[in-house]
Structure formats: C-alpha cells, structure tokens
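> What follows is a single structure, and I will ask about it in a moment.
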Amino acid sequence: MGQLTTRERDLAAAILLVLAIVGIAMAAAGRFDPIGVHGAIVLLYSLGLLYLIMSSSFGPPPDPSRISRYYDDPIKVGVWFTLLWAIFGMFIGVWAAAQLAWPSLNFDTAWASFGRIRPAHTTGVIFGFGGNALITTSFHVVQRTSRARLADQLSPWFVLFGYNLFCIVAVTGYFMGVTQSKEYAEAEWYADLWLVIVWVTYFVLYIRTLARRREPHIYVANWYYLAFIVVVAILHIINNLTVPVSLGHAKSYTIWPGVQDSMVQWWYGHNAVAFFLTAGFLAMLYYYLPKRAERPIFSYRLSILSFWGITFFYMWAGSHHLHYTALPHWVQNLGMTFSVMLLVPSWASAGNALLTLNGAWHKVRDDATLRFIMMAAFFYGLSTFEGSFLAVRPVNSLSHYTDWTVGHVHAGALGWVALITYGSLYTLVPAIWKRERMYSAALVEVHFWLAFAGTVIYVFAMWNSGIIQGLMWRTYTGEGTLAYSFVDSLVAMYPYYIARAFGGLLFLIGAVVATYNIWMTVRGVPALAERHEDVPVAAHLADGAATGPAE
Amino acid sequence: MDVEEVDPISGRKTTGHEWNGIKELDTPVPRGVLLFLVVTHVFALLWWVLLPTWPLGTTYTKGLLGIDERNVVEEKLAAAAAARAVWEKRIDTLSYEQIRADEGLMATVRSTGHQVFGDNCAVCHGVDGKGRSNYPDLTDDDWLWGGGPEDIEQTLRVGINTRHIESRVAQMPSFGRDQMLERNQVRDVAAYVYSLTNPEYSTPENIGRIEAGREVFLTTCAACHGEDARGSREVGAPNLTDAYWIYGGTMQSIIESVHGGRQGHMPTWDERLTPAEIKILALYVNSLGVEKP
C-alpha cells in the first residue's frame, strides 16, 4: 500500500465502500438464502481491506522514484495467495480422495459430503492456486519482458483481491450447496458477474502494460498470457449466461437448453484446460525455464507454430468430452479429429522446452528448481499425448467415466501445472524479494521428490483403477449379461483409492514444505543490494554502460 | 537490440532479440514435427471423408462408410437382446422347479443374479446379502415373508409397505409413543422378549418383570408374533425367539422397537426389473439362504 498516492488510496476506499454496500444489499435481499451469507462475506472482506487502506491513509506520500522501478508489491502478496490456496485446495483434495476409500470421513454432514468438497478442491487448486499463480507471475513476466512498470498502481490490487474474493465466494458457496452444476464453472451468477469485472480490469491492465513496453517485440510468454486472459473472458461469459431466480437468490438457470448446454459447457471446460491450465502455464514455462537454465529458447519458429496450433485447434476439441452421448455423431467426430491434430503443437511446445535445456542438463541434475520445470515439461508432453489418445472415440468408450480421466487430469494438474508453478515460484521469490537464494536448497530438493513421487503414485493408481473399471463395466458373460455389478468395480478400486490418497498426501506435504521454505527465505535470508539489471528502461539507461547486457 | 549472435553450444544463430536476458535461437522447425503434422492431418482428412463430420446448414456430411452412431447402438442392442432372448424366454416360461433342475440354466441364474443383485439390492442388503443394521440378512434361514422362490418373487414384485396395490404391509406399532402401553409395560415386555433369547437374564430378581412382560405380550403382541413369539409369515412378523434381529437384539434396541415401532420398507421392483430378472433374483436370493423348500 506504501506505493499508493493519496488519490489512489481515496479511490480504493471508495471502491471498497461501494463493495461493502453491495455486500449489505446482498445480505439483506438474500437473508433467507445462501446469497445472504455471501453478502456478509463480501461485507467483511471489503471492510477488512478498507481498514488496511484507512490505517495507512495518513502515511507518508510514496517515493516519486518508484515509477522508475518495477511494481512488485502485488506480486509478493500474490505469492502468498498462491501458496495458501495450494495448501487449502490440496488438503481438500486429499480429504476427498480419502472419502472415496473411507466414505464415513464425511462425518454424516451435508457440507463435508463428497459432492460439495470435490468442487471446493477443484476450484481451490485450479482457480485459487493456479489462478493466483498465473496472475502473480504474469505481473512479473510482463514487466520484465516489456521493461515497463505495470501501467497502473491500483488496478493490480483490484485484480488480485477481487479475484480472490471470487474464489472465496465460490468455495464457500459449494459448502452451502450453492452450485450451477457445471464442472469448473460451479460458481453462481453473482460471483460470475464479479469475475467479469475483475477480468476486464486485468485485461486492460495487461494490455496497457504491454503497450508501454520498451522492447520492439512482444515476448512469447506474453502471447500466452494474453491468450489466457482474452479466451478465459470469452469462455467465462458465454458459459455462464444465466437468469437468476431473483436478485435475492443464489440459484440461476442457464440460458442454454439441453444438449446445447452440454456442448457449451464442455467447449468451456476443455478450453479452460487449454487457456487456463495450458496457455497460462506455458507462459510461465517460456519465461522461467530459459531464465533458470540460462539458455536461449530452442526455436522461435517452433514457438510460433505451437502457439497458433494450440490456440486454433483447442477451440474445436471440446466435444470429445461428450462422446457417445446425445450430442450428434458428427460433432463428436469433428472434436475428435481436432484433438488428434492438436497433439503436434502440444508436443512441439514440450519439445521446445526440453530442447532448450540442451547445454544445461547438468543444471537439471544439480538444481531442483530447474528439475521442477523440466519435469513439468515432461508431464506436459505426457498428458497432452494422453489427452489426444483419450479423445479418440473407441479409446474413450473404455476410458470415459472411469478413474483414467481423473488420472489424466492429475498428470496435468500435479505433474504439469503444479510442478511448473513451484519451479517458477522458486525462481521468482528470490528475484522479487531480492534474496541471493532460497532459504534451503535441500528443502527444494525434498519438495521435488515428494511432488514427483506423489504424482507418480497418484497417476499410476488411477491408470490402473481406471482401466480395470472400464474393463469391468464392459465385460459380458457368455449369456449376454454384464459380468460385474457396479459395486464389484468399487471393491476392486479400494486399494487404488488408498494409494491415490497417499500420493496426494505426499504432494500436499511438499506444498507445505515449499510454503515454509519460501516463508523462511523472505524472513531469514539477507536481502541483496538492488539488482542493477532488474529495473525498467529509464533507470537502466541512467545507469549507462555499467549494467551491460542483462544477466 | 537486433544483433546477430551465435549460441556457442548449439552453433545456431539467435533471432537477435532479447528480453530480460532471454534469447531465442532461430532453429528451423524440425522435420519430424512437420512430418507428424502431415500424419495427423491425413488421419483427420480420412476420418472426415469416411465418417459424419462437417455441418452443412441443416444437415452434415454423412461420410463414405455410412456409419451412424444411433444405428450402430441400436444394432448392438438388438444383437445383445437376441443373445439373451434364448435363455430369458426359458426362465420366463419354466417353473422354479424346472429351472432348478436345469444345471445350465442355474449357472446363468447365478452369474446374472450376482450382477442384478449387486446393482439393485446390494445397496441395502450388502454385496454378500448379509444385510446390516435395519436391513435383513438374506443368507440366514429366518424369513419374514417366506424364503421360497415364489415368496421372494412376490416380495420383490410388490415390496413391503409400498404404494403397490398388492404391497405386503407390516407395521410394528409405536406402543410407547402412541401410549398404547405404559412406560413400565414397555420395559416389562422388552424384558420378556429379551429373556427369550437370553436365558441367563431370567434371574430371580428379574423374574417378576419378565412375568409381567409375558402378560403384556400375550394380550398385546401375540396377535402378530404368536403366543410362542415365533412370528408369522402371513403378516411379516419376525420370530423373536431366534438369534436373528433386524433392528438389534439388545435390551435397548428392543425397548426402542416397542416404544417407537418399526416400519421397514422394501421397494417394489415390478416396473423396474423385467419378470425374468425378478425370477432370477428370487432364485438367486433363495440360493443365498440356508433354507431350501
């Protein structure tokens, strides 16, 4: 907050007051509905932030020279949001996994039933952990690769806190049973509307910062971040077009009828995977990988091919989630063929990343942070191959509705998204807090092996159980009847469910270790003198030739 | 910053750009990638030509193979139904006696019964049919409504305490709550019922209460459970003298049953399962039990 001018603080206070009034209105209009509880949460959230603003409103005016430096304060807060959501989301995930093995762990309560904690897990990790990681790193990467300070002082905070308010409202809603019943779009209409405001602000901030760049070209990572921001806005708005029952009710009805709703939902769902969980994290890869490995990107041409391939092909692939359903056959086939063609640009990205490491493989051996990034690229290649494979209709007839899908998602979510995020954070944290190194390299190493082992155990357990399930469900006796009842397949799943919960637990422990390590880095490792090269162009030029080419 | 530069490790030129220390090599797209691109596109093209894929206004390209998902599934369903029809018809028409005599048919009953039971009955009665608290054990020789295949078929068809017009109806009234019995009478009759299966309970200090309970039993309970407390399959009243209890045989659970009553519910499967499936289940459940007619 120290870098905000008096006028910016007043504006922040005004925004928070409006938000508090909206909270009161929601609480009043929805006093007999869960939306009332959400009104109270919005009120408390805005009052809490208002207190922070007000208590600093008579502080000294900000240092005018700040404008010539990068704006890193929102990034620091974003790192903590990312780490806390990771622990929350992964804890709920381990709990949900344990409930599948030991169902009584819902303690016979409605709020802790599997159907409610599962979306709390997915939203917690995808939007809470993943989303905060994306926003945080995008603020870092766009400034560094554009040699420009963020275009505005207040809107980064608005984006960060506004986005987290969305996540909090979404997750608390699930525990109360508030859901649109759309996978990865469970949050109800009022949370969705709020996210639109936040997201448009994010887009404007990002594009304005890019416009201020002092580099002739826009770096690849920014293409991906921009694709992520633009497409997620489109997907979110179209899939969440609903009519609320009333302004005082959480419940709404989608405007999309029947199978068209399914198609819109899975067009959204698959492109959420594509542009949230792929494009955004590829952006991280394209910055933190060459940074950490200190190697040039293997091929600029391959970057172009992958970027346009991914953005074009993904858009068509959503219908492969609806094979053998009421969706017309031709739509399924179309989605399937595009999913197959999608493999080439996906693998081109993974290959571009791994080949970038040529000349730096000794660092992969010695530096666990770079190993995180390398392993993420490997899992990215693995899960994109698996994705295209599972999209082929006959394969899908075996895999669909089984744990194979869950295994596939987690090869992507744990192996790709989470590993690249932690690799990026271990690179980002010392840079932002200007520390020479992480508090403990050994703990990074421990985290790597916990995360890697957890992912492998999880994914192997789900591959096994998914294929067994699929086979059991389609095995017929000689008399033409099913050989197994559904319960038989559940009994067969039991050991795998325990293994899966264990794998998830290892991953969660790794996330706790990471948080501790980052906390101790910020607390305990002495700060370096200002890094000369880590300033935008104005100061850069002022320092003259002393800085030389960066890094 | 557009400077021609060569990366010493790969020997490749860079693109001449640099962002925060990051450079890019000008490596051409590897041949393998292009080949792979061609292969996947040829695959897609073939698929488009052979199968329904592209929309054309109100219709779509049908594909050269003429395959349609809906037709395929209907053909497969018809083929499966035809395969099953052979033995389904025999189960429908043959009597239980005749089916039992046919070892081949009984093998079908057992394998099909396991799956139908697992998907419909196991949720209450357990995969092994052993039931659990509040849900009867189907593997013992104690039956509320009879354990012969015909009895079981009837129970399956109409259910217990359902809306089916022929539903089996059985109610254990709530004697305590509805004040048909005094509080001490409830305790006495529970003590009597408890003593039936727990002879060691009949100690001199309890005998007075047990005797009083017996009086209550004979006037109030015997109508359904019989004077000997052995129950009646006519009205689905359980035998109280054996070791099998649906709601538990402890003093506490017996008091609860007498005080609050019990209205078990078994759904009707008349319209949810085919007659052949019901017959299969009747035989399967019967075979789980010890009792053979």
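Chain labels A, B, ... are given in the sequence in which chains occur in the structure tokens; within each chain residues are numbered consecutively from 1, and ligands are likewise numbered from 1 in the order shown.
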Run DSSP on the backbone and tell me which residues of range 146-257 of chain A come out as helix (DSSP H, G or I); list them as a count of residues only.

66

> Near Val235 in chain B, counting only C-alpha atoms, which residues have an atom at most 7 Å away, once you skip same-chain residues fewer than 2 positions from it, shown as a list in words?

Ala170, Cys224, Ser232, Arg233 and Ala237 of chain B

> Kindly give the distance, in Å, that separates CA of Val512 in chain A and CA of Ile373 in chain A, rounded to a single decimal.

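Going from CA of Val512 in chain A over to CA of Ile373 in chain A, I get 18.9 Å.
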
> Can you pull out every residue within 9 Å of Thr278 in chain A, counting only C-alpha atoms, but drop anything in the same chain fewer than 2 positions away, and send it as number ranges by chain?

A: 224, 228, 272-276, 280-283, 380, 412, 416-417

> Using only C-alpha atoms, which protein or nucleic acid residues come within 12 Å of range 109-118 of chain A? Drop anything in the same chain fewer than 5 positions from it, and give the result as a VMD selection string.

chain A and resid 88 to 104 123 to 125 170 to 179 181 183 to 184 186

> Using only C-alpha atoms, determine which residues lie at most 9 Å from Ile255 in chain A, disregarding the query and same-chain residues fewer than 5 positions distant; provide the list as a PyMOL selection string.

chain A and resi 240-243+261

> Excluding same-chain residues fewer than 6 positions from range 9-18 of chain A, what lies within 8 Å of it counting only C-alpha atoms, as an MDAnalysis selection string?

chainID A and resid 46:47 49:50 53:54 57 154

> Would you mind listing what lies within 12 Å of Met438 in chain A as a compact mmCIF listing (two decimals) with N, CA and C atoms, in the first residue's frame, with only C-alpha atoms counted and same-chain residues fewer than 3 positions away left out?


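around-v7.txt was written with the following content:
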```txt
# COMPACT_ATOMS: atom_id res chain seq x y z
N ASP A 367 20.19 -28.69 -9.87
CA ASP A 367 19.28 -27.65 -9.39
C ASP A 367 17.85 -28.18 -9.39
N ALA A 368 17.32 -28.41 -8.19
CA ALA A 368 15.97 -29.00 -8.09
C ALA A 368 14.93 -28.07 -8.71
N THR A 369 15.15 -26.77 -8.65
CA THR A 369 14.18 -25.83 -9.22
C THR A 369 14.06 -26.04 -10.73
N GLY A 423 8.33 -24.57 -9.65
CA GLY A 423 9.61 -24.22 -10.27
C GLY A 423 9.70 -22.72 -10.51
N LEU A 425 7.95 -20.38 -8.88
CA LEU A 425 7.97 -19.66 -7.60
C LEU A 425 9.38 -19.66 -7.00
N TYR A 426 10.08 -20.80 -7.10
CA TYR A 426 11.42 -20.87 -6.54
C TYR A 426 12.38 -19.95 -7.31
N THR A 427 12.03 -19.63 -8.56
CA THR A 427 12.84 -18.68 -9.32
C THR A 427 12.41 -17.25 -9.01
N LEU A 428 11.09 -17.09 -8.86
CA LEU A 428 10.51 -15.76 -8.69
C LEU A 428 10.80 -15.18 -7.32
N VAL A 429 10.66 -16.00 -6.27
CA VAL A 429 10.73 -15.48 -4.90
C VAL A 429 12.07 -14.79 -4.61
N PRO A 430 13.22 -15.44 -4.86
CA PRO A 430 14.47 -14.72 -4.60
C PRO A 430 14.61 -13.47 -5.45
N ALA A 431 14.05 -13.49 -6.68
CA ALA A 431 14.17 -12.33 -7.55
C ALA A 431 13.35 -11.16 -7.02
N ILE A 432 12.13 -11.44 -6.58
CA ILE A 432 11.24 -10.36 -6.16
C ILE A 432 11.66 -9.79 -4.80
N TRP A 433 12.02 -10.68 -3.88
CA TRP A 433 12.42 -10.21 -2.56
C TRP A 433 13.91 -9.85 -2.52
N LYS A 434 14.54 -9.96 -3.68
CA LYS A 434 15.95 -9.62 -3.83
C LYS A 434 16.83 -10.41 -2.85
N ARG A 435 16.57 -11.70 -2.80
CA ARG A 435 17.39 -12.58 -1.98
C ARG A 435 18.37 -13.29 -2.89
N ALA A 441 18.15 -25.02 -0.13
CA ALA A 441 18.13 -25.79 -1.37
C ALA A 441 17.74 -27.23 -1.09
N ALA A 442 18.10 -27.72 0.10
CA ALA A 442 17.77 -29.10 0.45
C ALA A 442 16.26 -29.29 0.52
N LEU A 443 15.55 -28.28 1.04
CA LEU A 443 14.09 -28.41 1.14
C LEU A 443 13.45 -28.36 -0.25
N VAL A 444 14.05 -27.60 -1.17
CA VAL A 444 13.54 -27.62 -2.55
C VAL A 444 13.70 -29.02 -3.11
N GLU A 445 14.85 -29.62 -2.82
CA GLU A 445 15.10 -30.99 -3.26
C GLU A 445 14.07 -31.95 -2.66
N ALA A 514 7.21 -26.31 0.75
CA ALA A 514 7.51 -25.17 -0.11
C ALA A 514 7.13 -23.87 0.57
N THR A 515 5.96 -23.86 1.20
CA THR A 515 5.49 -22.64 1.85
C THR A 515 6.42 -22.25 2.99
N TYR A 516 6.84 -23.24 3.76
CA TYR A 516 7.78 -22.98 4.85
C TYR A 516 9.09 -22.42 4.29
N ASN A 517 9.59 -23.03 3.24
CA ASN A 517 10.86 -22.62 2.65
C ASN A 517 10.78 -21.18 2.12
N ILE A 518 9.66 -20.87 1.49
CA ILE A 518 9.51 -19.52 0.94
C ILE A 518 9.34 -18.51 2.08
N TRP A 519 8.61 -18.89 3.10
CA TRP A 519 8.44 -18.04 4.28
C TRP A 519 9.81 -17.74 4.90
N MET A 520 10.62 -18.77 5.07
CA MET A 520 11.93 -18.58 5.69
C MET A 520 12.87 -17.78 4.78
N THR A 521 12.68 -17.90 3.47
CA THR A 521 13.50 -17.12 2.54
C THR A 521 13.21 -15.63 2.73
N VAL A 522 11.92 -15.32 2.82
CA VAL A 522 11.53 -13.92 2.96
C VAL A 522 11.95 -13.40 4.34
N ARG A 523 11.78 -14.25 5.35
CA ARG A 523 12.11 -13.84 6.71
C ARG A 523 13.61 -13.82 6.98
N GLY A 524 14.27 -14.89 6.53
CA GLY A 524 15.59 -15.15 7.09
C GLY A 524 16.80 -14.92 6.20
N VAL A 525 16.59 -14.92 4.89
CA VAL A 525 17.77 -14.78 4.03
C VAL A 525 18.03 -13.28 3.80
N PRO A 526 19.24 -12.82 4.03
CA PRO A 526 19.51 -11.39 3.91
C PRO A 526 19.27 -10.87 2.50
N ALA A 527 18.79 -9.63 2.42
CA ALA A 527 18.50 -9.03 1.12
C ALA A 527 19.80 -8.62 0.43
```
